[in-house]
Structure formats: structure tokens, C-alpha cells
file entry-v8.txt (compact mmCIF, C-alpha atoms (C1' of nucleotides))
# COMPACT_ATOMS: atom_id res chain seq x y z
CA MET A 1 132.59 85.35 109.50
CA ALA A 2 134.84 88.25 108.56
CA ALA A 3 131.74 90.27 107.70
CA ALA A 4 130.18 89.38 111.03
CA ALA A 5 133.36 90.25 112.91
CA GLU A 6 133.44 93.64 111.24
CA ALA A 7 129.79 94.33 112.02
CA PHE A 8 130.14 93.20 115.63
CA MET A 9 133.26 95.31 116.02
CA ILE A 10 131.44 98.47 115.00
CA ASN A 11 128.21 98.10 116.94
CA GLY A 12 128.71 95.31 119.41
CA PHE A 13 126.88 92.02 119.49
CA ALA A 14 123.51 93.11 120.83
CA ALA A 15 123.21 96.22 118.70
CA THR A 16 124.15 94.47 115.47
CA SER A 17 121.27 93.08 113.46
CA ILE A 18 121.57 90.11 111.18
CA ASP A 19 120.41 92.46 108.43
CA THR A 20 123.49 94.57 109.03
CA VAL A 21 125.79 91.57 108.82
CA ALA A 22 124.06 90.55 105.59
CA GLU A 23 124.54 94.04 104.23
CA VAL A 24 128.27 93.95 104.99
CA LEU A 25 128.40 90.59 103.29
CA GLY A 26 126.39 91.87 100.33
CA CYS A 27 123.44 89.51 100.56
CA THR A 28 120.24 89.06 102.56
CA LYS A 29 119.81 87.37 105.88
CA GLY A 30 118.37 84.25 104.28
CA ARG A 31 121.88 83.23 103.42
CA ILE A 32 123.12 83.68 106.96
CA TYR A 33 120.26 81.78 108.52
CA TYR A 34 120.95 78.98 106.08
CA GLN A 35 124.34 78.49 107.71
CA TYR A 36 123.72 79.58 111.29
CA LYS A 37 120.82 78.63 113.47
CA SER A 38 120.91 81.91 115.36
CA LYS A 39 122.77 85.14 115.82
CA ALA A 40 124.42 83.77 118.94
CA ASP A 41 125.79 80.82 117.01
CA LEU A 42 127.32 83.16 114.48
CA PHE A 43 128.92 85.16 117.25
CA PHE A 44 130.25 82.02 118.87
CA ASP A 45 131.91 80.95 115.65
CA VAL A 46 133.63 84.28 115.23
CA HIS A 47 134.65 84.16 118.86
CA ARG A 48 136.10 80.67 118.53
CA GLU A 49 138.02 81.67 115.42
CA ALA A 50 139.55 84.58 117.33
CA MET A 51 140.56 82.38 120.24
CA LEU A 52 142.15 79.85 117.92
CA MET A 53 144.12 82.63 116.23
CA ASN A 54 145.48 83.61 119.61
CA LEU A 55 146.38 80.12 120.66
CA PHE A 56 147.99 79.47 117.31
CA ALA A 57 150.01 82.69 117.55
CA ILE A 58 151.55 82.01 120.92
CA SER A 59 151.51 78.28 121.65
CA ASN A 60 154.63 77.38 119.67
CA VAL A 61 156.56 80.21 121.25
CA ALA A 62 155.26 79.34 124.70
CA LYS A 63 156.55 75.80 124.44
CA GLY A 64 159.86 76.65 122.79
CA ASN A 65 163.17 76.21 124.54
CA ALA A 66 164.29 79.81 124.87
CA SER A 67 164.45 81.23 128.37
CA PRO A 68 161.06 81.97 130.01
CA LEU A 69 161.64 85.71 129.82
CA ALA A 70 162.56 85.53 126.14
CA ARG A 71 159.50 83.41 125.43
CA LEU A 72 157.22 85.74 127.36
CA ARG A 73 158.54 88.65 125.34
CA LYS A 74 157.87 86.80 122.11
CA MET A 75 154.37 85.86 123.22
CA ILE A 76 153.47 89.47 123.94
CA HIS A 77 154.99 90.51 120.65
CA ALA A 78 153.03 87.87 118.74
CA GLN A 79 149.76 88.78 120.42
CA VAL A 80 150.20 92.46 119.57
CA MET A 81 150.77 91.50 115.95
CA VAL A 82 147.57 89.45 115.93
CA VAL A 83 145.59 92.40 117.26
CA ILE A 84 147.10 94.64 114.60
CA THR A 85 146.43 92.30 111.72
CA ARG A 86 143.08 90.83 112.80
CA LEU A 87 141.45 93.66 114.71
CA PRO A 88 137.76 92.81 114.09
CA PHE A 89 138.14 89.26 115.33
CA GLN A 90 140.15 90.37 118.32
CA ARG A 91 137.55 92.90 119.33
CA VAL A 92 134.88 90.23 119.15
CA SER A 93 136.98 88.05 121.39
CA VAL A 94 137.12 90.85 123.97
CA GLN A 95 133.37 91.34 123.70
CA GLY A 96 133.05 87.64 124.37
CA VAL A 97 134.41 88.16 127.88
CA GLU A 98 131.63 90.55 128.66
CA LEU A 99 128.95 88.41 127.06
CA HIS A 100 129.88 85.42 129.10
CA LEU A 101 128.91 87.33 132.22
CA SER A 102 125.31 87.52 131.16
CA GLY A 103 123.30 84.34 130.98
CA SER A 104 122.83 82.86 127.56
CA THR A 105 119.49 81.32 126.85
CA THR A 106 119.58 77.71 125.76
CA SER A 107 121.59 75.03 127.53
CA LYS A 108 123.23 74.11 124.24
CA GLN A 109 124.55 77.64 123.90
CA ARG A 110 125.81 77.57 127.43
CA GLU A 111 127.76 74.47 126.56
CA VAL A 112 129.36 76.14 123.56
CA LEU A 113 130.20 79.12 125.70
CA ARG A 114 131.82 76.72 128.11
CA THR A 115 134.21 75.42 125.45
CA LEU A 116 135.04 78.99 124.46
CA MET A 117 135.92 79.81 128.05
CA ASP A 118 138.07 76.69 128.11
CA LEU A 119 139.99 78.02 125.12
CA ARG A 120 140.44 81.30 126.94
CA ASP A 121 141.67 79.50 130.03
CA GLN A 122 144.13 77.48 127.97
CA TYR A 123 145.39 80.69 126.48
CA GLU A 124 145.84 82.35 129.85
CA LYS A 125 147.50 79.23 131.21
CA LEU A 126 150.19 79.41 128.53
CA PHE A 127 151.17 82.76 129.96
CA VAL A 128 150.88 81.67 133.57
CA ASP A 129 153.08 78.65 133.02
CA VAL A 130 155.84 80.63 131.38
CA ILE A 131 155.63 83.20 134.17
CA LYS A 132 155.86 80.47 136.80
CA GLU A 133 158.94 79.06 135.17
CA GLY A 134 160.50 82.48 134.94
CA ILE A 135 159.95 83.01 138.64
CA ARG A 136 161.33 79.59 139.48
CA ILE A 137 164.64 80.22 137.73
CA GLY A 138 164.80 83.75 139.09
CA GLU A 139 164.31 85.62 135.83
CA LEU A 140 161.05 87.15 137.03
CA ARG A 141 159.97 88.66 140.32
CA PRO A 142 158.06 86.37 142.66
CA TYR A 143 154.56 87.83 142.28
CA ASP A 144 151.59 85.50 142.15
CA PRO A 145 151.59 84.37 138.48
CA ASN A 146 147.80 84.18 138.43
CA PHE A 147 147.73 87.81 139.39
CA VAL A 148 150.39 89.29 137.14
CA VAL A 149 148.82 87.69 134.11
CA LYS A 150 145.74 89.90 134.62
CA PRO A 151 147.31 93.33 134.05
CA LEU A 152 149.34 91.80 131.24
CA LEU A 153 146.32 90.44 129.37
CA GLY A 154 144.38 93.56 130.27
CA ALA A 155 146.93 95.74 128.54
CA LEU A 156 146.85 93.48 125.48
CA ASN A 157 143.07 93.22 125.28
CA TRP A 158 142.66 96.94 125.78
CA MET A 159 144.66 97.49 122.61
CA THR A 160 141.57 96.55 120.62
CA TYR A 161 139.97 99.78 121.83
CA TRP A 162 142.69 102.30 121.13
CA TYR A 163 144.58 100.81 118.22
CA HIS A 164 143.51 102.01 114.79
CA PRO A 165 145.34 100.97 111.64
CA ASN A 166 147.11 103.86 110.04
CA ARG A 167 148.03 104.59 106.42
CA ASP A 168 151.64 105.56 107.05
CA GLU A 169 152.24 102.46 109.08
CA THR A 170 154.99 100.13 107.94
CA ASP A 171 155.98 96.71 109.08
CA GLN A 172 158.75 98.41 110.99
CA THR A 173 156.45 100.71 112.99
CA ARG A 174 154.23 97.75 113.80
CA GLN A 175 157.18 95.76 115.09
CA GLN A 176 158.19 98.79 117.09
CA LEU A 177 154.77 98.98 118.70
CA ALA A 178 154.92 95.31 119.63
CA ASP A 179 158.40 95.77 121.07
CA ASN A 180 157.38 98.76 123.12
CA MET A 181 154.42 96.90 124.52
CA ALA A 182 156.64 94.04 125.60
CA ASP A 183 159.21 96.43 127.07
CA VAL A 184 156.68 98.30 129.15
CA MET A 185 154.86 95.21 130.36
CA LEU A 186 158.00 93.33 131.29
CA GLY A 187 160.36 96.03 132.42
CA GLY A 188 157.95 98.62 133.76
CA ILE A 189 158.49 102.31 133.32
CA ILE A 190 160.65 103.21 136.28
CA ALA A 191 164.01 104.48 135.14
CA MET B 192 121.41 105.02 139.15
CA ALA B 193 122.94 102.35 141.36
CA ALA B 194 120.21 99.96 140.26
CA ALA B 195 120.87 100.81 136.63
CA ALA B 196 124.61 100.36 137.07
CA GLU B 197 124.06 96.94 138.55
CA ALA B 198 121.72 95.87 135.77
CA PHE B 199 124.03 97.19 133.06
CA MET B 200 126.96 95.45 134.69
CA ILE B 201 125.26 92.07 134.52
CA ASN B 202 123.84 92.16 131.01
CA GLY B 203 125.39 95.09 129.24
CA PHE B 204 123.61 98.17 127.98
CA ALA B 205 121.88 96.77 124.91
CA ALA B 206 120.72 93.55 126.54
CA THR B 207 119.33 95.28 129.62
CA SER B 208 115.68 96.24 129.46
CA ILE B 209 114.20 99.10 131.41
CA ASP B 210 111.93 96.52 132.99
CA THR B 211 114.97 94.81 134.42
CA VAL B 212 116.32 98.04 135.86
CA ALA B 213 112.91 98.70 137.36
CA GLU B 214 112.87 95.25 138.88
CA VAL B 215 116.27 95.79 140.49
CA LEU B 216 114.96 99.06 141.82
CA GLY B 217 111.78 97.44 143.02
CA CYS B 218 109.29 99.47 141.01
CA THR B 219 107.87 99.64 137.50
CA LYS B 220 109.32 101.39 134.52
CA GLY B 221 106.87 104.26 134.82
CA ARG B 222 109.02 105.64 137.58
CA ILE B 223 112.17 105.48 135.48
CA TYR B 224 110.61 107.12 132.46
CA TYR B 225 109.38 109.86 134.75
CA GLN B 226 112.99 110.81 135.42
CA TYR B 227 114.76 109.81 132.24
CA LYS B 228 113.67 110.52 128.71
CA SER B 229 115.25 107.35 127.37
CA LYS B 230 117.37 104.38 128.23
CA ALA B 231 120.39 106.03 126.67
CA ASP B 232 119.98 109.05 128.92
CA LEU B 233 119.95 106.80 131.95
CA PHE B 234 123.11 105.09 130.76
CA PHE B 235 124.79 108.42 130.15
CA ASP B 236 124.04 109.54 133.68
CA VAL B 237 125.53 106.41 135.17
CA HIS B 238 128.50 106.77 132.87
CA ARG B 239 129.07 110.38 133.89
CA GLU B 240 128.84 109.48 137.55
CA ALA B 241 131.51 106.83 137.06
CA MET B 242 133.82 109.24 135.26
CA LEU B 243 133.40 111.82 137.99
CA MET B 244 134.26 109.22 140.62
CA ASN B 245 137.47 108.51 138.77
CA LEU B 246 138.42 112.12 138.35
CA PHE B 247 137.62 112.82 141.99
CA ALA B 248 139.70 109.86 143.13
CA ILE B 249 142.88 110.83 141.35
CA SER B 250 142.88 114.53 140.60
CA ASN B 251 144.05 115.71 144.02
CA VAL B 252 146.82 113.17 144.04
CA ALA B 253 147.78 114.00 140.47
CA LYS B 254 148.27 117.65 141.31
CA GLY B 255 149.97 117.09 144.65
CA ASN B 256 153.59 117.97 145.27
CA ALA B 257 155.07 114.54 145.82
CA SER B 258 157.47 113.28 143.17
CA PRO B 259 155.86 112.24 139.85
CA LEU B 260 156.61 108.58 140.49
CA ALA B 261 155.10 108.71 143.96
CA ARG B 262 152.03 110.46 142.60
CA LEU B 263 151.63 107.96 139.79
CA ARG B 264 151.79 105.15 142.29
CA LYS B 265 149.11 106.80 144.40
CA MET B 266 146.91 107.38 141.35
CA ILE B 267 147.04 103.72 140.38
CA HIS B 268 146.37 102.75 143.96
CA ALA B 269 143.39 105.08 144.19
CA GLN B 270 141.92 103.87 140.93
CA VAL B 271 142.15 100.24 142.00
CA MET B 272 140.31 101.12 145.19
CA VAL B 273 137.55 102.80 143.20
CA VAL B 274 137.12 99.71 141.06
CA ILE B 275 136.95 97.55 144.17
CA THR B 276 134.42 99.71 145.98
CA ARG B 277 132.28 100.83 143.03
CA LEU B 278 132.45 97.92 140.64
CA PRO B 279 129.08 98.32 138.85
CA PHE B 280 129.73 101.96 137.97
CA GLN B 281 133.23 101.18 136.84
CA ARG B 282 132.08 98.43 134.57
CA VAL B 283 129.57 100.77 133.01
CA SER B 284 132.33 103.25 132.41
CA VAL B 285 134.29 100.58 130.54
CA GLN B 286 131.23 99.68 128.50
CA GLY B 287 130.98 103.34 127.64
CA VAL B 288 134.22 103.10 125.68
CA GLU B 289 132.75 100.48 123.44
CA LEU B 290 129.44 102.24 123.05
CA HIS B 291 131.08 105.39 121.81
CA LEU B 292 132.40 103.44 118.85
CA SER B 293 128.92 102.83 117.53
CA GLY B 294 126.88 105.77 116.35
CA SER B 295 124.29 107.05 118.77
CA THR B 296 121.04 108.17 117.30
CA THR B 297 120.05 111.73 118.08
CA SER B 298 122.38 114.69 117.76
CA LYS B 299 121.60 115.69 121.32
CA GLN B 300 122.82 112.32 122.55
CA ARG B 301 125.93 112.65 120.47
CA GLU B 302 126.62 115.91 122.23
CA VAL B 303 126.28 114.31 125.66
CA LEU B 304 128.55 111.53 124.55
CA ARG B 305 131.02 114.16 123.51
CA THR B 306 131.17 115.65 127.01
CA LEU B 307 131.63 112.16 128.45
CA MET B 308 134.57 111.58 126.14
CA ASP B 309 135.97 114.90 127.29
CA LEU B 310 135.84 113.70 130.87
CA ARG B 311 137.65 110.55 129.82
CA ASP B 312 140.29 112.57 128.04
CA GLN B 313 140.77 114.77 131.09
CA TYR B 314 141.22 111.66 133.16
CA GLU B 315 143.79 110.20 130.79
CA LYS B 316 145.58 113.52 130.61
CA LEU B 317 146.10 113.55 134.37
CA PHE B 318 148.11 110.37 133.95
CA VAL B 319 149.93 111.55 130.86
CA ASP B 320 151.02 114.77 132.51
CA VAL B 321 152.43 113.05 135.55
CA ILE B 322 154.23 110.57 133.31
CA LYS B 323 155.69 113.40 131.25
CA GLU B 324 156.98 115.08 134.34
CA GLY B 325 158.44 111.84 135.61
CA ILE B 326 160.30 111.38 132.34
CA ARG B 327 161.54 114.96 132.38
CA ILE B 328 163.15 114.64 135.79
CA GLY B 329 164.48 111.19 134.95
CA GLU B 330 162.33 109.17 137.30
CA LEU B 331 160.65 107.35 134.44
CA ARG B 332 161.98 105.86 131.25
CA PRO B 333 161.62 108.02 128.14
CA TYR B 334 158.79 106.18 126.38
CA ASP B 335 156.09 108.14 124.61
CA PRO B 336 153.76 109.13 127.48
CA ASN B 337 150.72 108.89 125.22
CA PHE B 338 151.64 105.32 124.54
CA VAL B 339 152.55 104.06 128.01
CA VAL B 340 149.31 105.37 129.42
CA LYS B 341 147.43 102.86 127.23
CA PRO B 342 148.71 99.62 128.75
CA LEU B 343 148.44 101.25 132.16
CA LEU B 344 144.79 102.19 131.79
CA GLY B 345 144.15 98.91 130.00
CA ALA B 346 145.34 96.97 133.00
CA LEU B 347 143.19 99.09 135.31
CA ASN B 348 140.06 98.92 133.15
CA TRP B 349 140.45 95.21 132.66
CA MET B 350 140.17 94.76 136.43
CA THR B 351 136.43 95.28 136.10
CA TYR B 352 136.25 91.94 134.29
CA TRP B 353 138.26 89.71 136.58
CA TYR B 354 137.83 91.30 139.98
CA HIS B 355 135.05 89.84 142.11
CA PRO B 356 134.47 90.95 145.69
CA ASN B 357 135.21 88.21 148.12
CA ARG B 358 133.85 87.41 151.58
CA ASP B 359 137.18 86.90 153.30
CA GLU B 360 138.53 90.14 151.93
CA THR B 361 139.76 92.69 154.44
CA ASP B 362 140.85 96.24 154.00
CA GLN B 363 144.38 94.92 154.20
CA THR B 364 144.02 92.48 151.31
CA ARG B 365 142.42 95.20 149.22
CA GLN B 366 145.31 97.55 149.92
CA GLN B 367 147.65 94.72 149.04
CA LEU B 368 145.94 94.24 145.68
CA ALA B 369 146.22 97.94 144.90
CA ASP B 370 149.88 97.91 145.89
CA ASN B 371 150.65 94.91 143.74
CA MET B 372 148.95 96.48 140.77
CA ALA B 373 151.04 99.61 141.15
CA ASP B 374 154.22 97.57 141.62
CA VAL B 375 153.69 95.51 138.50
CA MET B 376 152.64 98.43 136.32
CA LEU B 377 155.46 100.68 137.42
CA GLY B 378 158.33 98.30 138.06
CA GLY B 379 157.53 95.50 135.61
CA ILE B 380 158.09 91.87 136.43
CA ILE B 381 161.69 91.32 135.42
CA ALA B 382 163.82 90.36 138.40
C1' DG C 383 105.22 110.61 141.52
C1' DT C 384 104.22 105.94 140.50
C1' DC C 385 101.14 102.80 138.72
C1' DT C 386 98.70 99.89 134.71
C1' DA C 387 97.62 99.47 130.13
C1' DT C 388 98.79 99.92 125.54
C1' DA C 389 100.93 101.73 121.02
C1' DC C 390 104.50 100.87 118.15
C1' DT C 391 108.65 99.09 116.05
C1' DA C 392 112.98 96.81 115.46
C1' DG C 393 114.75 92.77 114.68
C1' DG C 394 115.21 87.51 115.29
C1' DA C 395 113.62 83.72 113.09
C1' DT C 396 110.90 80.83 109.57
C1' DA C 397 108.37 79.47 105.18
C1' DG C 398 108.28 78.91 100.74
C1' DA C 399 109.45 80.60 95.94
C1' DC C 400 113.12 80.20 92.69
C1' DG D 401 121.84 77.93 98.26
C1' DT D 402 119.88 82.45 98.26
C1' DC D 403 116.01 85.21 97.74
C1' DT D 404 111.40 87.65 99.37
C1' DA D 405 107.72 87.78 102.37
C1' DT D 406 105.97 87.19 106.72
C1' DC D 407 105.39 85.94 111.62
C1' DC D 408 106.09 87.09 116.22
C1' DT D 409 108.24 88.37 120.40
C1' DA D 410 110.69 91.58 123.22
C1' DG D 411 111.19 95.80 124.67
C1' DT D 412 111.07 101.16 124.14
C1' DA D 413 108.22 104.63 125.02
C1' DT D 414 103.66 106.99 126.05
C1' DA D 415 98.86 107.89 127.92
C1' DG D 416 96.12 108.25 131.41
C1' DA D 417 94.36 106.51 136.03
C1' DC D 418 95.23 107.14 140.84
call {"tool": "encode", "arguments": {"input": "entry-v8.txt", "output": "C-alpha cells"}}
result
Amino acid sequence: MAAAAEAFMINGFAATSIDTVAEVLGCTKGRIYYQYKSKADLFFDVHREAMLMNLFAISNVAKGNASPLARLRKMIHAQVMVVITRLPFQRVSVQGVELHLSGSTTSKQREVLRTLMDLRDQYEKLFVDVIKEGIRIGELRPYDPNFVVKPLLGALNWMTYWYHPNRDETDQTRQQLADNMADVMLGGIIA
Amino acid sequence: MAAAAEAFMINGFAATSIDTVAEVLGCTKGRIYYQYKSKADLFFDVHREAMLMNLFAISNVAKGNASPLARLRKMIHAQVMVVITRLPFQRVSVQGVELHLSGSTTSKQREVLRTLMDLRDQYEKLFVDVIKEGIRIGELRPYDPNFVVKPLLGALNWMTYWYHPNRDETDQTRQQLADNMADVMLGGIIA
DNA sequence: GTCTATACTAGGATAGAC
DNA sequence: GTCTATCCTAGTATAGAC
């Protein structure tokens, strides 16, 4: 799956051949077809793995008992760290959004896609709920929570396109990046 | 080009066949191959058109003589309106970011891709410059302008995935959406 | 200019050896 | 379980009629 994620990251789902994935893995496609019925199934598995990473990274924080604003900050921070540390999977998960727009072939695949979208909805709902609570107690401005979550997740997802790991990066600079992202998203940029 | 944009929007570049584009256009692929040497060339043309729309929409505002903050607000507003009114082209332009990651075949195509990336850089620079100026005169917080532009453009680009035109939408609700986007991106969501 | 017909190939998927 | 060999479809691109 890591090999597939890497291959999909570089070329995208449609342009990646199973031969390429096999090459990254260091074997032939026989091995892959032994485990996965089709290329789509492989993609779905990578996609699910990515979504589970995300849920795992933020769900404990989301349900903690810090203030909503503090939790929201931690959630953003955690998500940035996941993107940094698991970039190939995260990029696949962003590709998944696009793929879902097009119609998948078999009805079985559509069902799988359905469960993936459910995971994505769950994930988004964790943010929405914390935002709602923050608004209720007056910590956050009273925008429509279902709206404000969009630019927020957009900024996070977009990271997969511009972030590139860097040699002279330390844990400290990574934390800094995550902090800055949270600062900008929560506090805006007006002085 | 509009037909191509629509087809690419629905299925993505790789999964869209020239036959499909022809069908949307209401002709056969002979006509398309008469005008475009290859599918990639068609995509590039749509992509360029989208980038030019963006530049056209914001460049006058960006170079106006209002305060940097006021200009930035207008730029965000204008870009949201472009996404709303020209969704297929805008989605293609977002796909273009991903496509550039993978290697295109011919050297000629790589050159075209290069000019497209230049357009994108110009576009980003318009934002960065206004942000820099805003920081200099103290209207904006002193974050790294090259960083803050990323979440900003991420939020805008991501719109192409969640925005869907709606029957009971009026010019007023569209303006409202653009305003809200600018509010959230500039002022944050902390109360 | 746009059509129909066709060549050509990449790549998904399967069969069967080991 | 993983390989090699092969089938077969989809889809890019071209040739040539009209």
C-alpha cells in the first residue's frame, strides 16, 4: 500500500499503471493482482488507510475536554503533522475527492466509495461539531459552521500540493509550520 | 474548449476520452483532432484560458490604489466570483496543479507546461505582493507572505470541489458567499 | 472542415507454470 | 505466493472520403 500510495502520488490514479506500482514495490503485477481484484480496489484501500489516519489523528483531541478553540487548534496542528509525515497517503486521500465525482463502474465499487465518503463526512463533522460548540460559548464568530469548515479543510488539503519534505527540517520547524497554519486559519491575518 | 472543460471537470483529464469531449460538443473526434494535435494540447489550452481568467479577474484590483487590505479583500471576492461563474474551467486549472507533478511526455509539451506554471506564479505573486505591502504598513500581521498565501489559495482552490451551483441562488447570495470567504480568510474565526 | 473507418498501443486483467 | 506469458478492451491518433 505504501508503494501504491507513492506511485499514485507521483502520477495520479488514472495515469499510474499496475506495472509501475509493482516496480516501486520491486516485484511484478502478478503479486498485486493476487491480493487485489482490481486497480480501483487497491486505490480504495490506500484511500481508506489515509482516512483512518486522519480520524485517528484528530478524534481524541476533538472529543477532549479542553475549550473548543483549544481543541480546534490542536486538531489543525495534528492534521498538519499527518500531512507532513504521511504525504503520499494524504495526497491519495485528496485525489479521492476528485475521483468520487466521476462515476465508478461496478455497483460494488460504488458501495465501497460510499463508505469512504462516510469516513470523510465523519472527519468533517468532528470539525463542524467543535466549531459549533465554539460559537455557542462565544469563543468563535457566528459564521455558518458548515461553511467555515470548507476553507479550513481546503487550506489543509491544499498542503499536499505545496509541501515538500526538506533535508534541513527539524521537529521544531515542523511544529512551527503546524502552529503557523493554526494561527492563520483561526486568527486570520489582519493585524 | 468549454465542452472540454466540462468533460475534464466530470472525469478528470486522464479518464476523459476525446470521444467523450466530442460527444459533449455534439460532433465526432475528427473535428477535435483537426484543431488540436493531441489531448494534452487541448487540456493545456483550457488550462491557459482558466489561468488568464484568474489573472484578468484580479490584476486590476491588485494594482489599484486602495489600501492593501481592501485590495486583498477585493481579490478574494473576485476570485470566488470567477469560481462560481466559470466552474468547469476553474476545476481544470486545479487539476493542472496535479498534472504538473507527473512528467509530461514530449519536450514541447513540457515547455508549454512551463509557461502555464509561469502564469500560476504570476497569479500567486499578485497576492504575495499585496500581502507584503499590507504587512509593511502594519495592516496585516507579519507572517511570511509566501506562507500565508498557501492556505489562502488553498481555500479558494478547494471551492471547486464543494461548490455546486444552486437553483435558488441569486446574485445577492453569491456576493454573500464571496464576502464570507474574504471575512473568514482575512479575519479568522476567533471571536 | 467534419465525417467514418481503421491502425496501433498501453495497460488492465487472467491463466498457468513454478 | 509470485512469476511469465498472454488476452483483450479502451482509447489515442491518423487516413482518406465527402
call {"tool": "interface_residues", "arguments": {"input": "entry-v8.txt", "of": "chain A", "to": "chain B", "cutoff": "7 Å", "atoms": "only C-alpha atoms", "output": "JSON, numbers by chain"}}
result
{"A": [10, 11, 14, 15, 101, 102, 138, 139, 140, 141, 151, 152, 154, 155, 158, 185, 186, 187, 188, 189, 190, 191]}
call {"tool": "residues_around", "arguments": {"input": "entry-v8.txt", "residues": "segment 408-414 of chain D", "least_positions_apart": "4", "cutoff": "12 Å", "atoms": "only C-alpha atoms (C1' of nucleotides)", "output": "number ranges by chain"}}
result
B: 205-211, 220-221, 223-225, 227-231; C: 387-396
call {"tool": "closest_atom_pairs", "arguments": {"input": "entry-v8.txt", "of": "chain C", "to": "chain B", "cutoff": "9 Å", "atoms": "all atoms listed in the file", "output": "tab-separated table"}}
result
residue	atom	partner	partner_atom	distance
C:DG383	C1'	B:Arg222	CA	7.4
C:DT384	C1'	B:Arg222	CA	5.6
C:DC385	C1'	B:Gly221	CA	7.1
call {"tool": "atom_distance", "arguments": {"input": "entry-v8.txt", "atom1": "atom CA of Tyr123 of chain A", "atom2": "atom CA of Met81 of chain A"}}
result
16.0 Å
call {"tool": "atom_distance", "arguments": {"input": "entry-v8.txt", "atom1": "atom CA of Asp236 of chain B", "atom2": "atom CA of Ala194 of chain B"}}
result
12.2 Å
call {"tool": "atom_distance", "arguments": {"input": "entry-v8.txt", "atom1": "atom CA of His355 of chain B", "atom2": "atom CA of Leu307 of chain B"}}
result
26.4 Å
call {"tool": "residues_around", "arguments": {"input": "entry-v8.txt", "residues": "Val128 of chain A", "least_positions_apart": "3", "cutoff": "7 Å", "atoms": "all atoms listed in the file", "output": "list in words"}}
result
Glu124, Lys125, Ile131, Lys132, Pro145, Asn146 and Val149 of chain A
call {"tool": "interface_residues", "arguments": {"input": "entry-v8.txt", "of": "chain D", "to": "chain A", "cutoff": "9 Å", "atoms": "only C-alpha atoms (C1' of nucleotides)", "output": "list of chain:residue names"}}
result
D:DG401, D:DT402, D:DC403
call {"tool": "closest_residue", "arguments": {"input": "entry-v8.txt", "among": "A:Val92, A:Ala57, A:Ile137, A:Leu25", "to": "Ala78 of chain A", "atoms": "only C-alpha atoms"}}
result
A:Ala57
